[in-house]
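Colleague: My questions all concern the structure below.
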Amino acid sequence: MKLDVRSLWPVLLLALAPLGVSAQTLRIGLAEDPDVLDPSLARSFVGRIVFTALCDKLFDIDEKLAIQPQLATAYEWSADSKTLTLKLRQGVTFHDGEKFDAAAVKFNIERHKTLPGSNRRGELAPVASVDVVDAATVRLNLSAPFSPLLAQLADRAGMMVSPKAAQAAGDKFGAKPICSGPFKFVERVAQDRMVFERYAQYWNKEAIHFDKVVYTPIPDATVRLANLKSGQLDFIERVASSDMEKLQTDKKLKTSRITEIGYQGITINTGKSEQAQKNPLGRDARVREAFELSIDRQGLVQVVMDNEATVGNQWVAPSNAYYAKNVPVPKRDIARAKALLKEAGVPNPSFTLVTPTTSDAQRLALVVQAMTREAGFDVKIQAAEFATSLNMADKGEFEAYVLAWSGRADPDGNLFSFHGCKQPLNYAGYCDAETDKLLNQSRSLRDPAERRRVFEQITARVLKERPIVYLYHRNWLWAYNAKLGGVRNVPDGLLRVSGLKLAP
Amino acid sequence: MFEFLVKRLATVVPTLLLVSMLIFGLQQLLPGDPAKILAGEEQDPTVVAYLRTKLHLDEPLPLRYAYWVGGVLRGDLGESIRTQQPVLDLIVQKLPVTVELALMAFVIALAIGIPSGIVAAVGRGTAWDVAANVFALWGLSTPNFWLGILMILLFSVQLGWLPASGYVSPFEDLGANLAAMIMPAFVLGNAIAAVLMRHTRSAMLQVLGADYVRTARAKGLSERTVVLKHALRNALTPIITLGALELGTLLSGAVLTEQVFTIPGFGKLIVDSVFNRDYSVVQGVVLVTATTYIVLNLLADLAQFLVNPRLRR
Amino acid sequence: MAAAIAASLAIAPAPHAGPWRRAWRRLRRRRGALAGLAVVVLFVALALFAPWIAPHDPIAASWSAIRKAPSAAHWFGTDEIGRDVLSRVIWGTRASLLAGVVSVSISLLLGVPIGLAAGFLGGWVDGVISRVTDAFLACPFLILAIALAAFLGPSLTNAMIAIGVSATPIFVRLTRAQVINVKVEDFIEAARAVGNPPLRIALRHVLPNITAPVMVQATLAIAAAVIAEASLSFLGLGQQPPAPSWGSMLNTAKNFIDNAPWMAVWPGLSIFLLVLSFNLLGDGLRDALDPRQR
């Protein structure tokens, strides 16, 4: 019967295996299905994980968030900070054999800026033009100084695709991406898996110890972990915080944790729509302050995240170099909260807290509800699935909203879009001319010390109004086969495949 | 009979149109702007505007529906807004997976349902009846996603006998394919088993009380022959019909089962697409599902018609 | 009342008892159905008397008792924010029973009249209703429910509406088929000959005769609706926190199945028992009410 013969193939293959090179495959489990694999159009966090294998960038960031060379080996700012000159790595080729050179960089930056639907436009807005100085040198001319640029070039905006392939495919490039990373695209079965195989001519091939990488999206954390435990996967991201304790005792697996560069917070409608004025929380900053003071952040972290988070009150974590030490994390103070509410004339403010339907977010809402009740708050919880809640946030049809942000390497990425007037992610509707001025100023300064001083001013201004109550910074929790070595814990939560090795 | 066929066929197209309008309309009612959802984390307003134009989101509803129907008639079901893959490709990729799952589930349902039904009918009124009932019903009484998670924990994590998720094409590796599909097929089939059991039981009871069975018994045929040869045959005749009717249930069940076991089939595709407001995918998938269902029902009706002359009135 | 129905059925009534009485007797004999009925009654009692039976407040969180295993203080253990699982299971009975009964009531209220109209009136009314019903039935039930629940917003009420509306076509079809069967019976002809207006015939003569299969389907549908509520909760569309429902409890519990299995066992078991009981009861009713069975 056909059945018997077919099922012999794996046996035959196994028998043949020792004859060839041992084909090592790295199997990674993702928490979501990535969107389109085109660096210009890509828009999800999880897609960036896949890009680390597929597309090299001009720069990368390391565990300390410092800029490291990747496709660009050196950079130099001009004196007026309006020109950035990059020296490019030699001997790099794209997966289709095309050479990587300054012309390719120029093409890519222009593609990021001009491709219809490109999500990188805003990130590269200040780049006015790109000059090819010579094959190994490229110059970016900015319309105004823009210090977050290097961090942008260490993310999707700095990813380089093959100009020949991109021109041929147009906006369908994402179906068969041709980049210059350590692995090249083989196939993608939507919601099932993405398969990549080793690119033999990769410039850093000594660091690559796998022949194939397969990414599988498994949205359910329990099932994802089950796959890792049963040996079907070698690595999973976003382990549920409640699973970490037991994993410590599992000898076959290792875990790792690192504080994210993002945050978890509650966004309050202070000016996005008329609804802000109708509710005491949106109307009166004192009520918001009372709200913040009635939350025990440490307790929150303990109950909601099983201590797998760090308390915080700003858009960067307290351990971050740009954290403004002049506005430390407040301690819970119910007495003061009650006094503030009395002063504001609303001893029992009531409002609706919208939360996504994920179990973490719902837990957060429940605990916040219980904690703030002691100060007199009556929080009503409304769950909304993602699409609906985005709609509500956009229209300002909410009072408070549990919202997290995955974070960007440069603090500007956590700040500008949220607190700048009318910026796309400013769901609170916060708008202050002086803050806008400071935000633009921070973008134009290059010296970290100077920037920190400006950030301190911004922090003091914004936190006084509390359009967002920042709660904590979650840990990126990974679990993987104990034999997997070379795992680097970078705070952006993306696993880098270079350097990974599976011990026999 | 020809007249009957023509009459029934004539209803297929309006029904399909209605289905597509129903799902199209329902999706438009869903709050949320697909352009915003697809614009991702950064929410760049230019991107949102571009997406709205590309997806004709600002045009009136009937016009958008007309665009879609026009596309379908040309064989173009649109493309997934999320991954830009043509919907037809997605369907061709995933339909065989769900079909395989459904078929395996049906086989398992037969294996559970028919013997239970026989036992229940023969042992009618006794403890055997209850036991067979419970056995077949327990699949229907447990949420399938729940059963799936429990099975994964037992068979994959604890015992390591079966893979926790994933799908391998049977043409690539039949053994791995069966290993990956057996648990979800069992979970799905369990639920249908009850229906088959009920049917087998009632059909057999009907026959067992009939005159010709009394005659067979009087002739001295063993109880076993009576049961298996005559009663069972009566019960088995409309099995295919039942299968066609249960397809809807199977597909509904597949929705969650595929989520839990991460099987890249139709069910998972459609749930994700509803949540992502990926309209074209939902439209396309529902259209294909509805067509299959309607065609199968038509065939089932035809079979009934052929078998039961009374319906020809 | 039995006598009145027997009279309108124009079947020679049995010497002692009407068909309902006989049916009840047959039901009593089927042990599975009786067991099912007993369990259903027990759960209804739990739901009704929840405030007095439950040992703790189902929504009272306690930071010090997070995910504690079953003990004397908490017979079923505690959940991820320290609430008593036993109390939540008892209170959750309300949500699950409501989900089942209200959804099916919606389906009946919508489906039976429409099916009656379709079957009784025939012609183009029947044509339109049948096409629309077919269209609804051609969409996988859960997809309809998901789309409706997503549209209405996640809450138990909306989930019930979504399930109820999605299940309506089944009752439309069932009612219509039964009406068509009954329509051609002699006593209907007789009633019409006597001069009864169609509405009267429909309500007084047709409707009582189709009650039996509709009742059976309704019982089975309640079982399916409880499962559907659990499924919608799995997707985040059912009962919202902090109010308990078995489905949402399962949904949360699945994340903690390794370190707090008791969070999942009890709601899972409860769903299983309740749904199984409704199924057994429904099957028993079908046997009991089926005139072909002796």
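To be explicit about the labels: the chains of the structure tokens are called A, B, and onward in the order shown, and within each one the residues are counted from 1, while ligands get numbers from 1 in the order they are shown.
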With a distance threshold of 7 Å and counting only C-alpha atoms, extract the residues of chain A near chain C and express them as a ChimeraX atom specification.

Modeller: /A:222,242,303,357,359,383-384

Colleague: Restricting the output to N, CA and C atoms, write the selected residues as an mmCIF file, in the first residue's frame.

Modeller:
```
data_model
loop_
_atom_site.group_PDB
_atom_site.id
_atom_site.type_symbol
_atom_site.label_atom_id
_atom_site.label_comp_id
_atom_site.auth_asym_id
_atom_site.auth_seq_id
_atom_site.Cartn_x
_atom_site.Cartn_y
_atom_site.Cartn_z
ATOM 1 N N THR A 222 0.704 29.033 26.286
ATOM 2 C CA THR A 222 0.791 27.688 26.866
ATOM 3 C C THR A 222 1.216 26.675 25.809
ATOM 4 N N SER A 242 3.988 33.747 34.521
ATOM 5 C CA SER A 242 3.662 32.743 35.531
ATOM 6 C C SER A 242 4.357 31.411 35.282
ATOM 7 N N VAL A 303 1.765 41.054 41.409
ATOM 8 C CA VAL A 303 0.565 40.265 41.140
ATOM 9 C C VAL A 303 0.341 40.033 39.651
ATOM 10 N N THR A 357 -8.108 42.501 25.197
ATOM 11 C CA THR A 357 -8.630 41.258 25.760
ATOM 12 C C THR A 357 -7.543 40.276 26.175
ATOM 13 N N SER A 359 -4.874 38.424 28.550
ATOM 14 C CA SER A 359 -5.083 38.135 29.970
ATOM 15 C C SER A 359 -4.213 39.023 30.848
ATOM 16 N N ALA A 383 -13.642 45.602 28.326
ATOM 17 C CA ALA A 383 -12.696 44.942 27.433
ATOM 18 C C ALA A 383 -13.101 45.218 26.000
ATOM 19 N N ALA A 384 -12.123 45.448 25.151
ATOM 20 C CA ALA A 384 -12.417 45.676 23.738
ATOM 21 C C ALA A 384 -11.341 44.979 22.937
#
```

Colleague: Per residue of chain A within 9 Å of chain B, note the shortest atom pair and the distance in Å to one decimal, counting only C-alpha atoms, and order the rows by chain and increasing residue number, as JSON lines.

Modeller:
```
{"residue": "A:Leu3", "atom": "CA", "partner": "B:Leu174", "partner_atom": "CA", "distance": 7.7}
{"residue": "A:Arg6", "atom": "CA", "partner": "B:Leu174", "partner_atom": "CA", "distance": 6.4}
{"residue": "A:Ser7", "atom": "CA", "partner": "B:Gly175", "partner_atom": "CA", "distance": 5.5}
{"residue": "A:Leu8", "atom": "CA", "partner": "B:Gly175", "partner_atom": "CA", "distance": 8.8}
{"residue": "A:Trp9", "atom": "CA", "partner": "B:Asp173", "partner_atom": "CA", "distance": 7.3}
{"residue": "A:Pro10", "atom": "CA", "partner": "B:Asp173", "partner_atom": "CA", "distance": 6.9}
{"residue": "A:Pro34", "atom": "CA", "partner": "B:Thr83", "partner_atom": "CA", "distance": 8.4}
{"residue": "A:Asp35", "atom": "CA", "partner": "B:Thr83", "partner_atom": "CA", "distance": 5.3}
{"residue": "A:Val36", "atom": "CA", "partner": "B:Thr83", "partner_atom": "CA", "distance": 4.7}
{"residue": "A:Leu37", "atom": "CA", "partner": "B:Thr83", "partner_atom": "CA", "distance": 8.0}
{"residue": "A:Ala42", "atom": "CA", "partner": "B:Gly40", "partner_atom": "CA", "distance": 8.1}
{"residue": "A:Arg43", "atom": "CA", "partner": "B:Gly40", "partner_atom": "CA", "distance": 4.7}
{"residue": "A:Ser44", "atom": "CA", "partner": "B:Gly40", "partner_atom": "CA", "distance": 5.8}
{"residue": "A:Phe45", "atom": "CA", "partner": "B:Glu41", "partner_atom": "CA", "distance": 7.8}
{"residue": "A:Pro116", "atom": "CA", "partner": "B:Tyr50", "partner_atom": "CA", "distance": 7.0}
{"residue": "A:Gly117", "atom": "CA", "partner": "B:Val47", "partner_atom": "CA", "distance": 4.7}
{"residue": "A:Ser118", "atom": "CA", "partner": "B:Val47", "partner_atom": "CA", "distance": 6.5}
{"residue": "A:Asn119", "atom": "CA", "partner": "B:Val47", "partner_atom": "CA", "distance": 6.5}
{"residue": "A:Arg120", "atom": "CA", "partner": "B:Asp44", "partner_atom": "CA", "distance": 8.7}
{"residue": "A:Arg121", "atom": "CA", "partner": "B:Asp44", "partner_atom": "CA", "distance": 8.2}
{"residue": "A:Gly122", "atom": "CA", "partner": "B:Asp44", "partner_atom": "CA", "distance": 7.0}
{"residue": "A:Lys172", "atom": "CA", "partner": "B:Gln84", "partner_atom": "CA", "distance": 7.4}
{"residue": "A:Gly174", "atom": "CA", "partner": "B:Gln84", "partner_atom": "CA", "distance": 7.9}
{"residue": "A:Ala175", "atom": "CA", "partner": "B:Gln85", "partner_atom": "CA", "distance": 7.2}
{"residue": "A:Val189", "atom": "CA", "partner": "B:Gln93", "partner_atom": "CA", "distance": 7.9}
{"residue": "A:Ala190", "atom": "CA", "partner": "B:Pro264", "partner_atom": "CA", "distance": 7.5}
{"residue": "A:Gln191", "atom": "CA", "partner": "B:Pro264", "partner_atom": "CA", "distance": 5.9}
{"residue": "A:Asp192", "atom": "CA", "partner": "B:Pro264", "partner_atom": "CA", "distance": 5.3}
{"residue": "A:Arg193", "atom": "CA", "partner": "B:Gly166", "partner_atom": "CA", "distance": 8.6}
{"residue": "A:Thr216", "atom": "CA", "partner": "B:Gly166", "partner_atom": "CA", "distance": 8.2}
{"residue": "A:Pro217", "atom": "CA", "partner": "B:Thr262", "partner_atom": "CA", "distance": 8.2}
{"residue": "A:Ile218", "atom": "CA", "partner": "B:Thr262", "partner_atom": "CA", "distance": 6.3}
{"residue": "A:Pro219", "atom": "CA", "partner": "B:Gln259", "partner_atom": "CA", "distance": 8.2}
{"residue": "A:Asp220", "atom": "CA", "partner": "B:Val260", "partner_atom": "CA", "distance": 7.2}
{"residue": "A:Thr222", "atom": "CA", "partner": "B:Ile149", "partner_atom": "CA", "distance": 8.4}
{"residue": "A:Val223", "atom": "CA", "partner": "B:Val260", "partner_atom": "CA", "distance": 7.1}
{"residue": "A:Arg224", "atom": "CA", "partner": "B:Ala164", "partner_atom": "CA", "distance": 8.6}
{"residue": "A:Ala226", "atom": "CA", "partner": "B:Val157", "partner_atom": "CA", "distance": 5.8}
{"residue": "A:Asn227", "atom": "CA", "partner": "B:Ala164", "partner_atom": "CA", "distance": 5.4}
{"residue": "A:Leu228", "atom": "CA", "partner": "B:Val157", "partner_atom": "CA", "distance": 8.9}
{"residue": "A:Lys229", "atom": "CA", "partner": "B:Val157", "partner_atom": "CA", "distance": 6.2}
{"residue": "A:Ser230", "atom": "CA", "partner": "B:Val157", "partner_atom": "CA", "distance": 5.2}
{"residue": "A:Gly231", "atom": "CA", "partner": "B:Pro163", "partner_atom": "CA", "distance": 8.6}
{"residue": "A:Gln232", "atom": "CA", "partner": "B:Pro163", "partner_atom": "CA", "distance": 6.9}
{"residue": "A:Glu385", "atom": "CA", "partner": "B:Phe275", "partner_atom": "CA", "distance": 7.8}
{"residue": "A:Phe386", "atom": "CA", "partner": "B:Phe275", "partner_atom": "CA", "distance": 7.6}
{"residue": "A:Ala387", "atom": "CA", "partner": "B:Gly32", "partner_atom": "CA", "distance": 5.2}
{"residue": "A:Thr388", "atom": "CA", "partner": "B:Gly32", "partner_atom": "CA", "distance": 4.8}
{"residue": "A:Ser389", "atom": "CA", "partner": "B:Gly32", "partner_atom": "CA", "distance": 7.7}
{"residue": "A:Leu390", "atom": "CA", "partner": "B:Gly32", "partner_atom": "CA", "distance": 6.9}
{"residue": "A:Asn391", "atom": "CA", "partner": "B:Gly32", "partner_atom": "CA", "distance": 4.8}
{"residue": "A:Met392", "atom": "CA", "partner": "B:Gly32", "partner_atom": "CA", "distance": 7.9}
{"residue": "A:Asp394", "atom": "CA", "partner": "B:Lys36", "partner_atom": "CA", "distance": 8.9}
{"residue": "A:Trp405", "atom": "CA", "partner": "B:Glu41", "partner_atom": "CA", "distance": 8.4}
{"residue": "A:Ser406", "atom": "CA", "partner": "B:Glu41", "partner_atom": "CA", "distance": 8.7}
{"residue": "A:Ser417", "atom": "CA", "partner": "B:Glu42", "partner_atom": "CA", "distance": 8.4}
{"residue": "A:Gln423", "atom": "CA", "partner": "B:Asp44", "partner_atom": "CA", "distance": 8.9}
{"residue": "A:Pro424", "atom": "CA", "partner": "B:Gln43", "partner_atom": "CA", "distance": 5.9}
{"residue": "A:Leu425", "atom": "CA", "partner": "B:Gln43", "partner_atom": "CA", "distance": 6.8}
```

Colleague: Chain C near chain B within 6 Å: what's each residue's closest atom pair and its distance in Å to one decimal, counting only C-alpha atoms, ordered by chain then ascending residue number, as a tab-separated table?

Modeller:
```
residue	atom	partner	partner_atom	distance
C:Arg30	CA	B:Gly125	CA	5.9
C:Gly32	CA	B:Val130	CA	5.3
C:Arg131	CA	B:Thr15	CA	5.5
C:Ala135	CA	B:Val19	CA	4.7
C:Ala138	CA	B:Ala290	CA	4.7
C:Cys139	CA	B:Ala290	CA	5.9
C:Pro140	CA	B:Ser252	CA	5.1
C:Phe141	CA	B:Ser252	CA	5.9
C:Leu142	CA	B:Ser252	CA	5.2
C:Phe151	CA	B:Leu30	CA	4.5
C:Ile227	CA	B:Pro143	CA	5.6
C:Phe272	CA	B:Ser141	CA	5.2
C:Val275	CA	B:Ser141	CA	5.1
C:Leu276	CA	B:Ser141	CA	5.2
```

Colleague: One decimal, in Å: what's the spacing between atom CA of Leu298 of chain B and atom CA of Ala10 of chain B?

Modeller: 11.1 Å

Colleague: For Ala35 of chain C, list every protein, DNA or RNA residue within 9 Å, evaluated using only C-alpha atoms, and leave out those in the same chain fewer than 5 positions away; present the list as a list of chain:residue names.

Modeller: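 Here the qualifying residues turn out to be C:Arg30, C:Val40, C:Ser277, C:Leu280, C:Leu281.
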
Colleague: For a quick check of understanding, using only C-alpha atoms, which of B:Pro96, B:Gly117, B:Gly25, B:Gly75 has the smallest distance to Ala193 of chain B?

Modeller: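 So, comparing all the options, the nearest one is B:Gly117.
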
Colleague: Which one is closest to Glu79 of chain B: B:Val107, B:Ser280, B:Leu296, B:Asp301? Count only C-alpha atoms.

Modeller: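 Looking at the shortest contact to Glu79 of chain B, the residue is B:Ser280.
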
Colleague: Write out as a PyMOL selection string the residues lying within 9 Å of Arg26 of chain C, counting only C-alpha atoms and excluding same-chain residues fewer than 4 positions away.

Modeller: chain C and resi 21-22+30+284-285+287-289+294

Colleague: When you look at Ala105 of chain B with a cut-off of 7 Å (counting only C-alpha atoms), what residues show up, excluding the ones that are within fewer than 6 positions of it in the same chain? I need them as a ChimeraX atom specification.

Modeller: /B:185-186,188-189

Colleague: Those selected residues, please, written with N, CA and C atoms and delivered as a compact mmCIF listing (two decimals), in the first residue's frame.

Modeller:
```txt
# COMPACT_ATOMS: atom_id res chain seq x y z
N ALA B 185 -7.80 15.92 15.08
CA ALA B 185 -8.87 15.17 14.43
C ALA B 185 -9.72 14.48 15.49
N PHE B 186 -9.08 13.97 16.51
CA PHE B 186 -9.81 13.30 17.58
C PHE B 186 -10.71 14.30 18.30
N LEU B 188 -11.96 17.06 17.22
CA LEU B 188 -13.06 17.43 16.34
C LEU B 188 -14.06 16.28 16.18
N GLY B 189 -13.53 15.11 15.95
CA GLY B 189 -14.39 13.97 15.64
C GLY B 189 -15.27 13.59 16.81
```

Colleague: Can you list, as a list in words, every protein, DNA or RNA residue that comes within 10 Å of Asn414 of chain A when you count only C-alpha atoms, leaving out same-chain residues fewer than 4 positions away?

Modeller: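 The neighbour list is Ile261, Gly262, Tyr263, Gln314, Trp315, Val316, Trp405, Ser406, Gly407, Arg408, Ala409, Asp410, Phe418, His419 and Leu425 of chain A.
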
Colleague: May I have the residues from that selection written out with C-alpha atoms, as a compact mmCIF listing (two decimals), in the first residue's frame?

Modeller:
```
# COMPACT_ATOMS: atom_id res chain seq x y z
CA ILE A 261 12.84 49.48 26.23
CA GLY A 262 9.09 49.95 26.09
CA TYR A 263 6.54 50.30 28.85
CA GLN A 314 8.53 57.48 32.70
CA TRP A 315 8.74 56.33 29.10
CA VAL A 316 12.18 54.91 29.77
CA TRP A 405 4.44 50.26 23.73
CA SER A 406 7.18 47.96 22.49
CA GLY A 407 9.81 50.70 22.68
CA ARG A 408 12.53 52.18 20.50
CA ALA A 409 16.24 52.36 21.12
CA ASP A 410 16.26 56.15 21.18
CA PHE A 418 2.97 60.30 22.09
CA HIS A 419 3.37 63.76 23.51
CA LEU A 425 0.12 58.03 18.71
```

Colleague: Identify, on the basis of only C-alpha atoms, every residue whose closest approach to Leu86 of chain C does not exceed 12 Å; exclude the query and any residue fewer than 6 positions from it along the same chain; express the result as an mmCIF file with C-alpha atoms, in the first residue's frame.

Modeller:
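Contents of out_13.cif, freshly written:
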```cif
data_model
loop_
_atom_site.group_PDB
_atom_site.id
_atom_site.type_symbol
_atom_site.label_atom_id
_atom_site.label_comp_id
_atom_site.auth_asym_id
_atom_site.auth_seq_id
_atom_site.Cartn_x
_atom_site.Cartn_y
_atom_site.Cartn_z
ATOM 1 C CA LEU C 46 -26.864 26.434 42.616
ATOM 2 C CA ALA C 50 -25.556 31.253 44.824
ATOM 3 C CA ILE C 53 -24.220 28.870 49.075
ATOM 4 C CA ALA C 54 -20.968 30.472 47.950
ATOM 5 C CA PRO C 55 -18.478 30.687 50.845
ATOM 6 C CA HIS C 56 -16.656 33.782 49.588
ATOM 7 C CA ASP C 57 -17.235 36.860 47.451
ATOM 8 C CA PRO C 58 -16.471 35.751 43.903
ATOM 9 C CA ILE C 59 -14.851 39.024 42.931
ATOM 10 C CA ALA C 69 -3.882 25.035 45.974
ATOM 11 C CA PRO C 70 -7.159 23.644 47.354
ATOM 12 C CA SER C 71 -7.252 23.802 51.145
ATOM 13 C CA ALA C 72 -9.711 23.980 54.010
ATOM 14 C CA ALA C 73 -10.151 27.702 53.500
ATOM 15 C CA HIS C 74 -10.558 27.406 49.753
ATOM 16 C CA TRP C 75 -11.966 24.044 48.749
ATOM 17 C CA PHE C 76 -11.255 24.562 45.066
ATOM 18 C CA GLY C 77 -8.180 26.725 45.518
ATOM 19 C CA THR C 78 -7.719 30.341 44.418
ATOM 20 C CA ASP C 79 -7.138 31.942 41.064
ATOM 21 C CA GLY C 92 -20.505 31.162 37.294
ATOM 22 C CA THR C 93 -23.416 28.762 37.072
ATOM 23 C CA PRO C 244 -17.267 34.895 36.640
ATOM 24 C CA TRP C 246 -16.978 29.073 33.407
ATOM 25 C CA MET C 249 -12.465 31.049 33.868
ATOM 26 C CA TRP C 262 -7.223 23.569 39.956
ATOM 27 C CA MET C 263 -8.180 26.836 38.265
ATOM 28 C CA ALA C 264 -9.084 24.834 35.190
ATOM 29 C CA VAL C 265 -10.324 21.541 36.564
ATOM 30 C CA TRP C 266 -13.436 22.796 38.325
ATOM 31 C CA PRO C 267 -14.921 25.055 35.669
ATOM 32 C CA SER C 270 -18.781 21.948 35.584
#
```
